[in-house]
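What's in upload_12.txt: compact mmCIF, C-alpha atoms (C1' of nucleotides)
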```txt
# COMPACT_ATOMS: atom_id res chain seq x y z
CA MET A 1 12.88 -28.86 10.89
CA ASP A 2 16.17 -27.26 11.87
CA ARG A 3 16.01 -25.61 15.25
CA ARG A 4 17.53 -22.43 13.81
CA GLN A 5 14.80 -22.26 11.25
CA ARG A 6 12.10 -22.61 13.86
CA ARG A 7 13.69 -19.99 16.06
CA THR A 8 14.07 -17.52 13.23
CA ARG A 9 10.55 -18.10 12.04
CA GLU A 10 9.15 -17.55 15.50
CA THR A 11 11.28 -14.47 15.99
CA ILE A 12 9.97 -12.98 12.77
CA PHE A 13 6.37 -13.73 13.74
CA LYS A 14 6.85 -12.13 17.13
CA ALA A 15 8.42 -9.01 15.68
CA PHE A 16 5.69 -8.80 13.10
CA ILE A 17 2.88 -9.15 15.63
CA GLY A 18 4.51 -6.54 17.81
CA LEU A 19 4.62 -4.11 14.93
CA LEU A 20 1.09 -4.93 13.80
CA SER A 21 -0.32 -4.00 17.15
CA LYS A 22 1.30 -0.59 16.80
CA LYS A 23 0.87 0.40 13.19
CA HIS A 24 -1.02 -0.42 10.06
CA TYR A 25 0.15 -3.35 7.99
CA ASN A 26 0.88 -1.15 4.99
CA GLN A 27 3.15 1.06 7.01
CA ILE A 28 5.32 -1.74 8.29
CA THR A 29 8.50 -2.17 6.27
CA VAL A 30 10.59 -5.26 5.92
CA ASN A 31 13.44 -3.24 7.33
CA GLU A 32 11.55 -2.68 10.55
CA ILE A 33 10.72 -6.34 10.81
CA ILE A 34 14.25 -7.57 10.38
CA GLU A 35 15.62 -4.89 12.64
CA ARG A 36 13.18 -5.74 15.40
CA ALA A 37 13.71 -9.44 14.89
CA ASP A 38 17.43 -8.76 14.71
CA ILE A 39 18.09 -11.00 11.75
CA GLY A 40 19.82 -10.54 8.43
CA ARG A 41 17.98 -9.28 5.43
CA ALA A 42 18.66 -12.37 3.36
CA THR A 43 17.35 -14.52 6.17
CA PHE A 44 13.97 -12.90 6.03
CA TYR A 45 13.66 -13.57 2.34
CA ALA A 46 14.85 -17.13 2.85
CA HIS A 47 11.75 -17.65 4.99
CA PHE A 48 9.12 -15.52 3.32
CA GLU A 49 8.81 -14.55 -0.28
CA THR A 50 7.22 -11.21 0.57
CA LYS A 51 5.55 -9.38 3.43
CA ASP A 52 2.18 -10.59 2.19
CA PHE A 53 3.28 -14.18 2.47
CA LEU A 54 4.47 -13.53 5.98
CA LEU A 55 1.00 -12.35 6.95
CA LYS A 56 -0.63 -15.21 5.15
CA GLU A 57 1.49 -17.87 6.78
CA MET A 58 1.14 -16.29 10.17
CA CYS A 59 -2.63 -16.21 9.90
CA GLU A 60 -2.69 -19.79 8.79
CA GLU A 61 -0.67 -20.92 11.76
CA LEU A 62 -2.69 -18.85 14.17
CA PHE A 63 -6.11 -19.88 12.96
CA CYS A 64 -5.19 -23.41 12.17
CA HIS A 65 -4.09 -23.64 15.76
CA ILE A 66 -7.48 -22.52 17.00
CA PHE A 67 -9.98 -23.60 14.42
CA ASP A 68 -8.65 -26.69 12.77
CA SER A 69 -9.41 -30.15 13.96
CA ILE A 70 -13.10 -29.39 14.03
CA ASP A 71 -13.47 -31.82 11.22
CA GLU A 72 -13.67 -35.56 11.62
CA GLY A 73 -11.95 -37.12 14.63
CA GLY A 74 -8.59 -35.42 14.27
CA GLU A 75 -5.81 -36.73 16.46
CA LYS A 76 -3.32 -33.99 17.26
CA HIS A 77 -4.77 -30.82 18.68
CA ARG A 78 -8.51 -30.97 19.17
CA HIS A 79 -7.91 -28.54 21.99
CA ILE A 80 -10.94 -26.45 21.21
CA PHE A 81 -13.06 -29.34 22.34
CA GLU A 82 -10.81 -30.79 24.94
CA CYS A 83 -11.32 -28.13 27.57
CA GLN A 84 -14.42 -28.30 29.68
CA ALA A 85 -16.47 -28.79 26.54
CA PRO A 86 -19.10 -26.09 26.74
CA SER A 87 -22.22 -26.75 24.76
CA SER A 88 -21.27 -24.23 22.09
CA VAL A 89 -18.10 -24.18 20.09
CA ILE A 90 -18.60 -20.47 19.56
CA LEU A 91 -18.69 -19.81 23.25
CA HIS A 92 -15.54 -21.82 23.52
CA LEU A 93 -13.90 -19.73 20.85
CA LEU A 94 -14.79 -16.60 22.80
CA GLN A 95 -13.16 -18.06 25.87
CA HIS A 96 -10.01 -18.76 23.91
CA LEU A 97 -9.97 -15.24 22.54
CA GLN A 98 -10.32 -13.79 25.99
CA LYS A 99 -7.11 -15.50 27.01
CA ASN A 100 -5.42 -13.63 24.18
CA ASP A 101 -3.36 -16.56 22.95
CA ASN A 102 -0.65 -15.34 20.62
CA ASN A 103 -1.87 -11.76 20.94
CA ILE A 104 -4.68 -12.34 18.53
CA LEU A 105 -6.62 -9.68 20.36
CA ASP A 106 -4.05 -7.03 19.53
CA LEU A 107 -4.40 -7.90 15.90
CA LEU A 108 -8.16 -7.79 15.85
CA ALA A 109 -8.41 -4.67 17.96
CA CYS A 110 -7.07 -1.85 15.85
CA GLU A 111 -8.39 -0.89 12.47
CA ASN A 112 -5.23 -2.51 11.27
CA ASN A 113 -5.66 -4.73 8.32
CA GLU A 114 -8.53 -6.05 6.36
CA LEU A 115 -6.23 -8.85 5.27
CA PHE A 116 -6.02 -10.29 8.74
CA LEU A 117 -9.74 -9.85 9.22
CA GLY A 118 -10.32 -11.60 5.94
CA TYR A 119 -8.51 -14.70 7.12
CA PHE A 120 -10.32 -14.55 10.42
CA LYS A 121 -13.68 -14.32 8.72
CA GLU A 122 -12.80 -17.22 6.48
CA SER A 123 -12.04 -19.42 9.44
CA LEU A 124 -15.14 -18.31 11.30
CA SER A 125 -17.17 -19.07 8.25
CA ALA A 126 -16.18 -22.70 8.40
CA LEU A 127 -16.94 -22.75 12.09
CA ILE A 128 -20.41 -21.30 11.67
CA TYR A 129 -21.14 -23.77 8.94
CA LYS A 130 -20.55 -26.60 11.36
CA GLN A 131 -22.83 -24.96 13.86
CA SER A 132 -25.54 -23.96 11.45
CA SER A 133 -28.17 -26.11 13.11
CA VAL A 134 -28.05 -23.86 16.17
CA PHE A 135 -29.39 -20.93 14.16
CA GLU A 136 -31.78 -22.76 11.89
CA GLY A 137 -34.83 -21.93 13.95
CA LYS A 138 -34.08 -18.21 14.01
CA LYS A 139 -34.00 -17.65 10.29
CA PRO A 140 -36.87 -15.44 9.03
CA SER A 141 -38.66 -17.39 6.33
CA ILE A 142 -38.49 -14.68 3.68
CA VAL A 143 -34.71 -14.28 3.49
CA PRO A 144 -32.49 -16.45 1.25
CA ASP A 145 -30.23 -19.02 2.81
CA ASP A 146 -26.91 -17.52 1.77
CA TYR A 147 -27.98 -14.08 2.90
CA TRP A 148 -28.84 -15.48 6.30
CA TYR A 149 -25.61 -17.45 6.48
CA ASN A 150 -23.52 -14.43 5.56
CA HIS A 151 -25.35 -12.41 8.15
CA ILE A 152 -24.51 -14.81 10.96
CA VAL A 153 -20.81 -14.81 10.13
CA THR A 154 -20.62 -11.06 9.78
CA THR A 155 -22.50 -10.53 13.00
CA LEU A 156 -20.15 -12.83 14.87
CA VAL A 157 -17.08 -11.06 13.52
CA GLU A 158 -18.47 -7.65 14.35
CA THR A 159 -19.57 -8.80 17.77
CA ILE A 160 -16.07 -9.95 18.53
CA ARG A 161 -14.62 -6.71 17.20
CA TRP A 162 -17.02 -4.70 19.30
CA TRP A 163 -16.09 -6.74 22.34
CA ILE A 164 -12.37 -6.32 21.81
CA GLY A 165 -12.71 -2.70 20.77
CA ARG A 166 -13.92 -1.78 24.24
CA GLY A 167 -11.42 -3.76 26.19
CA VAL A 168 -12.87 -7.25 26.51
CA LYS A 169 -14.76 -6.22 29.62
CA GLU A 170 -17.72 -8.57 29.31
CA SER A 171 -17.51 -12.29 29.95
CA PRO A 172 -17.57 -14.69 26.99
CA GLN A 173 -20.96 -15.91 28.15
CA THR A 174 -22.37 -12.37 28.13
CA ILE A 175 -21.04 -11.76 24.64
CA TYR A 176 -22.46 -15.04 23.47
CA ASP A 177 -25.83 -14.04 24.92
CA TYR A 178 -25.69 -10.71 23.09
CA PHE A 179 -24.84 -12.49 19.92
CA LEU A 180 -27.77 -14.85 20.22
CA ALA A 181 -30.09 -12.04 21.27
CA ILE A 182 -29.66 -9.94 18.16
CA LEU A 183 -29.95 -12.82 15.75
CA MET B 1 -13.15 27.05 -10.63
CA ASP B 2 -11.09 26.89 -13.78
CA ARG B 3 -12.63 24.62 -16.36
CA ARG B 4 -9.29 22.89 -16.85
CA GLN B 5 -9.11 22.09 -13.18
CA ARG B 6 -12.57 20.59 -13.17
CA ARG B 7 -11.81 18.53 -16.23
CA THR B 8 -8.56 17.20 -14.84
CA ARG B 9 -10.09 16.42 -11.49
CA GLU B 10 -12.94 14.54 -13.10
CA THR B 11 -10.56 12.69 -15.38
CA ILE B 12 -8.49 11.57 -12.42
CA PHE B 13 -11.54 10.41 -10.51
CA LYS B 14 -12.77 8.44 -13.50
CA ALA B 15 -9.41 6.77 -14.04
CA PHE B 16 -9.18 5.99 -10.34
CA ILE B 17 -12.65 4.48 -10.17
CA GLY B 18 -11.91 2.43 -13.23
CA LEU B 19 -8.78 1.03 -11.65
CA LEU B 20 -10.43 0.47 -8.29
CA SER B 21 -13.05 -1.74 -9.84
CA LYS B 22 -10.29 -3.90 -11.26
CA LYS B 23 -7.64 -4.10 -8.57
CA HIS B 24 -6.99 -3.50 -4.92
CA TYR B 25 -6.32 0.03 -3.79
CA ASN B 26 -2.86 -0.85 -2.52
CA GLN B 27 -1.86 -2.26 -5.87
CA ILE B 28 -2.80 0.83 -7.81
CA THR B 29 0.18 3.07 -8.52
CA VAL B 30 0.13 6.77 -9.22
CA ASN B 31 1.79 5.94 -12.52
CA GLU B 32 -1.19 3.87 -13.55
CA ILE B 33 -3.58 6.60 -12.61
CA ILE B 34 -1.84 9.34 -14.54
CA GLU B 35 -1.29 7.08 -17.49
CA ARG B 36 -4.93 6.08 -17.61
CA ALA B 37 -6.05 9.65 -17.05
CA ASP B 38 -3.46 10.75 -19.58
CA ILE B 39 -2.19 13.68 -17.57
CA GLY B 40 1.23 14.86 -16.47
CA ARG B 41 2.77 13.65 -13.27
CA ALA B 42 3.06 17.12 -11.80
CA THR B 43 -0.59 17.74 -12.57
CA PHE B 44 -1.68 14.87 -10.41
CA TYR B 45 0.28 16.18 -7.47
CA ALA B 46 -1.07 19.66 -8.09
CA HIS B 47 -4.51 18.22 -7.39
CA PHE B 48 -3.87 15.61 -4.72
CA GLU B 49 -1.20 15.49 -2.13
CA THR B 50 -1.09 11.69 -2.13
CA LYS B 51 -3.09 8.72 -3.31
CA ASP B 52 -4.79 8.57 0.08
CA PHE B 53 -6.05 12.11 -0.32
CA LEU B 54 -7.40 11.23 -3.72
CA LEU B 55 -9.46 8.44 -2.21
CA LYS B 56 -10.57 10.62 0.63
CA GLU B 57 -11.69 13.50 -1.55
CA MET B 58 -13.41 11.18 -3.96
CA CYS B 59 -15.36 9.53 -1.19
CA GLU B 60 -16.33 12.86 0.23
CA GLU B 61 -17.69 14.05 -3.07
CA LEU B 62 -19.48 10.82 -3.72
CA PHE B 63 -21.10 10.43 -0.34
CA CYS B 64 -21.69 14.09 0.27
CA HIS B 65 -23.64 14.04 -2.94
CA ILE B 66 -25.87 11.28 -1.69
CA PHE B 67 -26.01 11.62 2.04
CA ASP B 68 -25.58 15.25 2.88
CA SER B 69 -28.46 17.63 3.28
CA ILE B 70 -30.22 15.26 5.61
CA ASP B 71 -29.68 17.79 8.34
CA GLU B 72 -31.87 20.81 8.96
CA GLY B 73 -33.69 22.33 5.99
CA GLY B 74 -30.73 22.50 3.64
CA GLU B 75 -31.26 24.43 0.43
CA LYS B 76 -29.08 23.09 -2.36
CA HIS B 77 -29.40 19.41 -2.99
CA ARG B 78 -31.91 17.68 -0.78
CA HIS B 79 -32.33 15.26 -3.65
CA ILE B 80 -32.51 12.23 -1.48
CA PHE B 81 -35.83 13.49 -0.23
CA GLU B 82 -37.03 15.25 -3.32
CA CYS B 83 -37.88 12.20 -5.36
CA GLN B 84 -41.11 10.43 -4.63
CA ALA B 85 -40.32 10.52 -0.95
CA PRO B 86 -40.68 6.91 0.18
CA SER B 87 -41.40 6.42 3.81
CA SER B 88 -37.86 5.29 4.56
CA VAL B 89 -34.69 7.14 3.78
CA ILE B 90 -32.87 3.83 3.74
CA LEU B 91 -35.15 2.46 1.08
CA HIS B 92 -34.50 5.59 -0.87
CA LEU B 93 -30.76 5.10 -0.53
CA LEU B 94 -31.12 1.59 -1.92
CA GLN B 95 -32.98 2.97 -4.89
CA HIS B 96 -30.20 5.44 -5.51
CA LEU B 97 -27.60 2.71 -5.29
CA GLN B 98 -29.46 0.59 -7.78
CA LYS B 99 -29.12 3.35 -10.33
CA ASN B 100 -25.36 3.08 -9.86
CA ASP B 101 -24.70 6.80 -9.85
CA ASN B 102 -21.00 7.45 -10.29
CA ASN B 103 -20.27 3.73 -10.37
CA ILE B 104 -20.49 3.42 -6.64
CA LEU B 105 -21.61 -0.14 -7.13
CA ASP B 106 -18.36 -1.09 -8.80
CA LEU B 107 -16.51 0.26 -5.83
CA LEU B 108 -18.58 -1.54 -3.24
CA ALA B 109 -18.70 -4.79 -5.18
CA CYS B 110 -15.20 -6.21 -5.12
CA GLU B 111 -13.23 -7.00 -2.03
CA ASN B 112 -11.32 -3.93 -2.95
CA ASN B 113 -10.60 -1.56 -0.16
CA GLU B 114 -11.57 -1.30 3.40
CA LEU B 115 -10.76 2.38 3.13
CA PHE B 116 -13.63 3.04 0.80
CA LEU B 117 -15.89 0.87 2.89
CA GLY B 118 -14.82 2.79 5.93
CA TYR B 119 -15.99 6.07 4.48
CA PHE B 120 -19.20 4.44 3.33
CA LYS B 121 -19.85 3.06 6.76
CA GLU B 122 -19.19 6.42 8.32
CA SER B 123 -21.79 8.05 6.15
CA LEU B 124 -24.28 5.27 6.75
CA SER B 125 -23.70 5.63 10.42
CA ALA B 126 -24.98 9.17 10.37
CA LEU B 127 -27.94 8.10 8.30
CA ILE B 128 -28.89 5.32 10.68
CA TYR B 129 -28.59 7.66 13.58
CA LYS B 130 -31.26 9.88 12.07
CA GLN B 131 -33.46 6.85 11.57
CA SER B 132 -32.83 5.25 14.89
CA SER B 133 -36.45 5.49 15.98
CA VAL B 134 -37.41 2.98 13.30
CA PHE B 135 -35.38 0.27 15.03
CA GLU B 136 -36.01 1.18 18.62
CA GLY B 137 -38.74 -1.38 19.12
CA LYS B 138 -36.62 -4.23 17.79
CA LYS B 139 -33.76 -3.92 20.22
CA PRO B 140 -33.45 -6.86 22.62
CA SER B 141 -33.50 -5.48 26.11
CA ILE B 142 -30.35 -7.19 27.31
CA VAL B 143 -27.90 -5.73 24.75
CA PRO B 144 -26.14 -2.37 25.26
CA ASP B 145 -27.16 0.59 23.11
CA ASP B 146 -23.90 1.05 21.26
CA TYR B 147 -23.65 -2.63 20.51
CA TRP B 148 -27.12 -2.54 19.01
CA TYR B 149 -26.38 0.62 17.09
CA ASN B 150 -23.17 -0.82 15.67
CA HIS B 151 -25.02 -3.94 14.69
CA ILE B 152 -27.62 -2.05 12.67
CA VAL B 153 -24.99 -0.14 10.72
CA THR B 154 -22.90 -3.22 10.06
CA THR B 155 -25.90 -5.22 8.98
CA LEU B 156 -26.95 -2.53 6.55
CA VAL B 157 -23.49 -2.33 5.03
CA GLU B 158 -23.24 -6.08 4.70
CA THR B 159 -26.74 -6.31 3.29
CA ILE B 160 -25.82 -3.85 0.59
CA ARG B 161 -22.60 -5.69 -0.12
CA TRP B 162 -24.44 -8.98 -0.36
CA TRP B 163 -26.96 -7.41 -2.71
CA ILE B 164 -24.31 -5.94 -4.97
CA GLY B 165 -22.10 -8.99 -4.75
CA ARG B 166 -24.70 -11.08 -6.54
CA GLY B 167 -25.58 -8.61 -9.22
CA VAL B 168 -28.23 -6.33 -7.72
CA LYS B 169 -30.93 -8.74 -8.81
CA GLU B 170 -33.48 -8.04 -6.10
CA SER B 171 -35.53 -4.84 -5.92
CA PRO B 172 -34.67 -2.21 -3.32
CA GLN B 173 -37.93 -2.98 -1.56
CA THR B 174 -37.05 -6.67 -1.30
CA ILE B 175 -33.63 -5.85 0.10
CA TYR B 176 -35.16 -3.46 2.57
CA ASP B 177 -37.57 -6.19 3.65
CA TYR B 178 -34.69 -8.62 4.14
CA PHE B 179 -32.86 -6.02 6.15
CA LEU B 180 -35.81 -5.43 8.43
CA ALA B 181 -36.51 -9.15 8.71
CA ILE B 182 -33.15 -10.12 10.15
CA LEU B 183 -33.00 -7.30 12.63
C1' DA C 1 34.24 -35.39 12.58
C1' DT C 2 32.21 -34.02 8.63
C1' DA C 3 28.85 -32.70 5.45
C1' DT C 4 24.92 -30.03 5.32
C1' DT C 5 22.23 -26.32 6.04
C1' DA C 6 21.01 -21.73 7.93
C1' DC C 7 22.38 -17.15 9.02
C1' DT C 8 25.12 -12.83 8.07
C1' DG C 9 25.76 -8.42 5.99
C1' DA C 10 27.06 -5.67 2.49
C1' DA C 11 26.59 -4.53 -2.34
C1' DT C 12 23.31 -3.96 -6.00
C1' DA C 13 19.37 -3.38 -9.23
C1' DC C 14 14.89 -1.85 -9.37
C1' DT C 15 10.33 0.19 -8.51
C1' DG C 16 7.29 3.71 -7.05
C1' DA C 17 6.47 8.14 -4.42
C1' DG C 18 6.77 12.81 -4.45
C1' DT C 19 9.34 17.36 -6.04
C1' DT C 20 11.18 20.82 -9.09
C1' DC C 21 11.26 23.87 -12.99
C1' DG C 22 11.09 26.10 -17.34
C1' DA C 23 8.15 26.12 -21.29
C1' DT C 24 3.55 26.22 -23.29
C1' DA C 25 -1.28 26.36 -23.62
C1' DA C 26 -5.81 27.65 -21.71
C1' DC C 27 -8.48 30.53 -19.16
C1' DT C 28 -10.32 35.02 -16.74
C1' DC C 29 -11.44 39.54 -16.44
C1' DG C 30 -11.31 44.35 -17.59
C1' DC D 1 -9.54 41.91 -27.73
C1' DG D 2 -5.37 41.85 -24.91
C1' DA D 3 -2.69 41.38 -20.54
C1' DG D 4 -2.02 38.82 -16.77
C1' DT D 5 -2.91 34.69 -14.34
C1' DT D 6 -3.13 29.87 -13.77
C1' DA D 7 -3.09 24.95 -15.24
C1' DT D 8 -0.72 21.58 -17.56
C1' DC D 9 3.27 19.24 -19.47
C1' DG D 10 7.30 16.34 -19.24
C1' DA D 11 11.57 15.24 -18.01
C1' DA D 12 14.99 14.93 -14.55
C1' DC D 13 15.81 14.24 -9.76
C1' DT D 14 15.77 12.61 -4.74
C1' DC D 15 14.34 9.36 -1.58
C1' DA D 16 12.69 5.16 0.53
C1' DG D 17 11.72 0.61 0.34
C1' DT D 18 11.77 -4.07 -2.06
C1' DA D 19 14.01 -8.00 -3.46
C1' DT D 20 18.38 -10.51 -5.05
C1' DT D 21 23.06 -12.11 -4.85
C1' DC D 22 27.10 -14.05 -2.90
C1' DA D 23 31.05 -15.11 -0.22
C1' DG D 24 32.08 -15.97 4.50
C1' DT D 25 30.76 -17.97 9.02
C1' DA D 26 28.29 -20.52 12.55
C1' DA D 27 25.04 -24.09 14.05
C1' DT D 28 23.20 -28.58 13.46
C1' DA D 29 22.41 -33.49 12.39
C1' DT D 30 24.08 -38.13 12.03
```
If you took the structure in this file and wrote it as structure tokens, what would it be?
Amino acid sequence: MDRRQRRTRETIFKAFIGLLSKKHYNQITVNEIIERADIGRATFYAHFETKDFLLKEMCEELFCHIFDSIDEGGEKHRHIFECQAPSSVILHLLQHLQKNDNNILDLLACENNELFLGYFKESLSALIYKQSSVFEGKKPSIVPDDYWYNHIVTTLVETIRWWIGRGVKESPQTIYDYFLAIL
Amino acid sequence: MDRRQRRTRETIFKAFIGLLSKKHYNQITVNEIIERADIGRATFYAHFETKDFLLKEMCEELFCHIFDSIDEGGEKHRHIFECQAPSSVILHLLQHLQKNDNNILDLLACENNELFLGYFKESLSALIYKQSSVFEGKKPSIVPDDYWYNHIVTTLVETIRWWIGRGVKESPQTIYDYFLAIL
DNA sequence: ATATTACTGAATACTGAGTTCGATAACTCG
DNA sequence: CGAGTTATCGAACTCAGTATTCAGTAATAT
């Protein structure tokens, strides 16, 4: 890909993330984005069909970067497993979040946008599915499987939001312990 | 209040609810609302400053109708307690939801709007607070109070959403049992 | 060195929000 | 019932933001 294209794309993402951490998605205009990114109007639309697509593509890049490669022996970036390989992938995810790669924290922190959260939840869902064996023993016998499954994902998302919402003070291990404790 | 005002207000609410159950809040235009409600443009703005206020006021009416009066011996509508007074207020709420008063179900069902959910959660929060003693014994000792509290509210909201999302097939008692089981 | 491709920026059409106002109909209260 | 008030109507208007177009210019690849 052309270097200019990459640069512009990155610049737009950066400007967008910066704005997202300050105001609600709905209140961000394309004008603000292109002004902050300091690019021409036509350029923006050459990259992204609409503002919604911008968010979508950004989320995909962000989450793909963190979550992907969990599947079968991927080559490229298995980075989530490469580090000191803690027993739990979830714990590892928490450690990544704490480092605030790509300002994901800023995005998750504020009320901001259900859209972003939706993508996040989707990715987490896949992650939990892979880890389902960990929680098998905790499931109360009377509740249906999909209810239980949904509960785990929701609880993880809300746990992370709670953690971030009060400044990421606790260690990933502590948060992971909380998470396991209430399940 | 003038009968005309009441009628118009109701008509707007109905049109709005109808649209909300079909499309996302952000995608609903004032034009659609007034067309569906079959009222003049100026009339809409005579009632509601903006679309956001419409949502806000609608939620207030809806939830006030169900949740309010929990406080000290209110006079007017203590209806949530008047019926056959089940041991749990939450169970009672579930029974009310099942009846689908004012089409609340339609609103909670679809992905729709985090705004509506936000108001719902707020109201539930107050409800849970009043019932906190019920869950006291279940709290794992290591987790902080506010984390635990947040978890109960979130779980209740998500339980209701799960219930509605698959057609409100189970009885309120069953749902309440599920809810208690996973906590 | 040249052909290709991306960026610029200004002009433009379009959509939806919210306002204004005079005319008309519906309501309230004495 | 009648006078005065208030709600509604509908069309025209301003304003802001979206999305497109296009000719000119700069960066890039090979």
With 10 Å as the limit and counting only C-alpha atoms, what residues in chain A lie close to chain B? Please list them as a PDB file with C-alpha atoms, in the frame of the given file.
```pdb
ATOM      1  CA  ASN A  26       0.880  -1.150   4.990  1.00  0.00           C
ATOM      2  CA  GLU A 111      -8.390  -0.890  12.470  1.00  0.00           C
ATOM      3  CA  ASN A 113      -5.660  -4.730   8.320  1.00  0.00           C
ATOM      4  CA  GLU A 114      -8.530  -6.050   6.360  1.00  0.00           C
ATOM      5  CA  LEU A 115      -6.230  -8.850   5.270  1.00  0.00           C
ATOM      6  CA  GLY A 118     -10.320 -11.600   5.940  1.00  0.00           C
ATOM      7  CA  LYS A 138     -34.080 -18.210  14.010  1.00  0.00           C
ATOM      8  CA  LYS A 139     -34.000 -17.650  10.290  1.00  0.00           C
ATOM      9  CA  PRO A 140     -36.870 -15.440   9.030  1.00  0.00           C
ATOM     10  CA  SER A 141     -38.660 -17.390   6.330  1.00  0.00           C
ATOM     11  CA  ILE A 142     -38.490 -14.680   3.680  1.00  0.00           C
ATOM     12  CA  VAL A 143     -34.710 -14.280   3.490  1.00  0.00           C
ATOM     13  CA  PRO A 144     -32.490 -16.450   1.250  1.00  0.00           C
ATOM     14  CA  ASP A 146     -26.910 -17.520   1.770  1.00  0.00           C
ATOM     15  CA  TYR A 147     -27.980 -14.080   2.900  1.00  0.00           C
ATOM     16  CA  TRP A 148     -28.840 -15.480   6.300  1.00  0.00           C
ATOM     17  CA  ASN A 150     -23.520 -14.430   5.560  1.00  0.00           C
ATOM     18  CA  HIS A 151     -25.350 -12.410   8.150  1.00  0.00           C
ATOM     19  CA  ILE A 152     -24.510 -14.810  10.960  1.00  0.00           C
ATOM     20  CA  THR A 154     -20.620 -11.060   9.780  1.00  0.00           C
ATOM     21  CA  THR A 155     -22.500 -10.530  13.000  1.00  0.00           C
ATOM     22  CA  GLU A 158     -18.470  -7.650  14.350  1.00  0.00           C
ATOM     23  CA  THR A 159     -19.570  -8.800  17.770  1.00  0.00           C
ATOM     24  CA  TRP A 162     -17.020  -4.700  19.300  1.00  0.00           C
ATOM     25  CA  TRP A 163     -16.090  -6.740  22.340  1.00  0.00           C
ATOM     26  CA  THR A 174     -22.370 -12.370  28.130  1.00  0.00           C
ATOM     27  CA  ILE A 175     -21.040 -11.760  24.640  1.00  0.00           C
ATOM     28  CA  ASP A 177     -25.830 -14.040  24.920  1.00  0.00           C
ATOM     29  CA  TYR A 178     -25.690 -10.710  23.090  1.00  0.00           C
ATOM     30  CA  PHE A 179     -24.840 -12.490  19.920  1.00  0.00           C
ATOM     31  CA  ALA A 181     -30.090 -12.040  21.270  1.00  0.00           C
ATOM     32  CA  ILE A 182     -29.660  -9.940  18.160  1.00  0.00           C
ATOM     33  CA  LEU A 183     -29.950 -12.820  15.750  1.00  0.00           C
TER      34      LEU A 183
END
```
Point-to-point distance from atom CA of Ser21 of chain B to atom CA of Ile104 of chain B, Å rounded to tenths:
9.6 Å
With only C-alpha atoms (C1' of nucleotides) counted and 9 Å as the cut-off, give the residues of chain D in contact with chain B, each with its shortest interatomic distance in Å and the pair that gives it, as JSON lines.
```
{"residue": "D:DT6", "atom": "C1'", "partner": "B:Asp2", "partner_atom": "CA", "distance": 8.5}
{"residue": "D:DA7", "atom": "C1'", "partner": "B:Arg4", "partner_atom": "CA", "distance": 6.7}
{"residue": "D:DT8", "atom": "C1'", "partner": "B:Thr43", "partner_atom": "CA", "distance": 6.3}
{"residue": "D:DC9", "atom": "C1'", "partner": "B:Gly40", "partner_atom": "CA", "distance": 5.7}
{"residue": "D:DG10", "atom": "C1'", "partner": "B:Gly40", "partner_atom": "CA", "distance": 6.8}
```
Please tabulate, as a Markdown table, the residues of chain C that come within 9 Å of chain A, each with its closest pair of atoms and the distance in Å to one decimal, counting all atoms listed in the file and ordering rows by chain, then residue number upward.
```
| residue | atom | partner | partner_atom | distance |
| --- | --- | --- | --- | --- |
| C:DT5 | C1' | A:Asp2 | CA | 8.5 |
| C:DA6 | C1' | A:Arg4 | CA | 6.9 |
| C:DC7 | C1' | A:Thr43 | CA | 6.4 |
| C:DT8 | C1' | A:Gly40 | CA | 5.8 |
| C:DG9 | C1' | A:Gly40 | CA | 6.8 |
```
Can you list, as a VMD selection string, every protein, DNA or RNA residue that comes within 8 Å of segment 15-22 of chain C when you count all atoms listed in the file, leaving out same-chain residues fewer than 4 positions away?
(chain B and resid 29 45) or (chain D and resid 18)
Can those selected residues be exported to a file as a PDB file, in the coordinates of the input so that it contains C-alpha atoms (C1' of nucleotides)?
```pdb
ATOM      1  CA  THR B  29       0.180   3.070  -8.520  1.00  0.00           C
ATOM      2  CA  TYR B  45       0.280  16.180  -7.470  1.00  0.00           C
TER       3      TYR B  45
ATOM      4  C1'  DT D  18      11.770  -4.070  -2.060  1.00  0.00           C
TER       5       DT D  18
END
```
To one decimal in Å, tell me the separation between atom CA of Arg9 of chain A and atom CA of Arg36 of chain A.
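The value is 13.1 Å.
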Pairwise distance for atom CA of Cys59 of chain B and atom CA of Lys23 of chain B, rounded to one decimal in Å
17.3 Å
Report, as JSON, the axis-aligned box around all atoms of segment 6-25 of chain C present in the file, extended by 8 Å on each side; give centre and edge lengths in Å to one decimal place.
```
{"center_x": 12.9, "center_y": 2.3, "center_z": -7.3, "size_x": 44.3, "size_y": 64.1, "size_z": 48.6}
```
Test item: which residues lie within 9 Å of (16.3, -2.6, -7.9) counting all atoms listed in the file, as a tab-separated table (two decimals) with C-alpha atoms (C1' of nucleotides), in the coordinates of the input:
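Wrote result-v1.tsv, looks like this:
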```tsv
chain	number	residue	atom	x	y	z
C	12	DT	C1'	23.31	-3.96	-6.00
C	13	DA	C1'	19.37	-3.38	-9.23
C	14	DC	C1'	14.89	-1.85	-9.37
C	15	DT	C1'	10.33	0.19	-8.51
D	18	DT	C1'	11.77	-4.07	-2.06
D	19	DA	C1'	14.01	-8.00	-3.46
D	20	DT	C1'	18.38	-10.51	-5.05
```
Spatial neighbours of Leu62 of chain B, 12 Å, only C-alpha atoms (C1' of nucleotides), chain gap at least 2 places, as JSON, numbers by chain:
{"B": [13, 17, 55, 56, 57, 58, 59, 60, 64, 65, 66, 67, 68, 97, 100, 101, 102, 103, 104, 105, 107, 116, 119, 120, 123]}
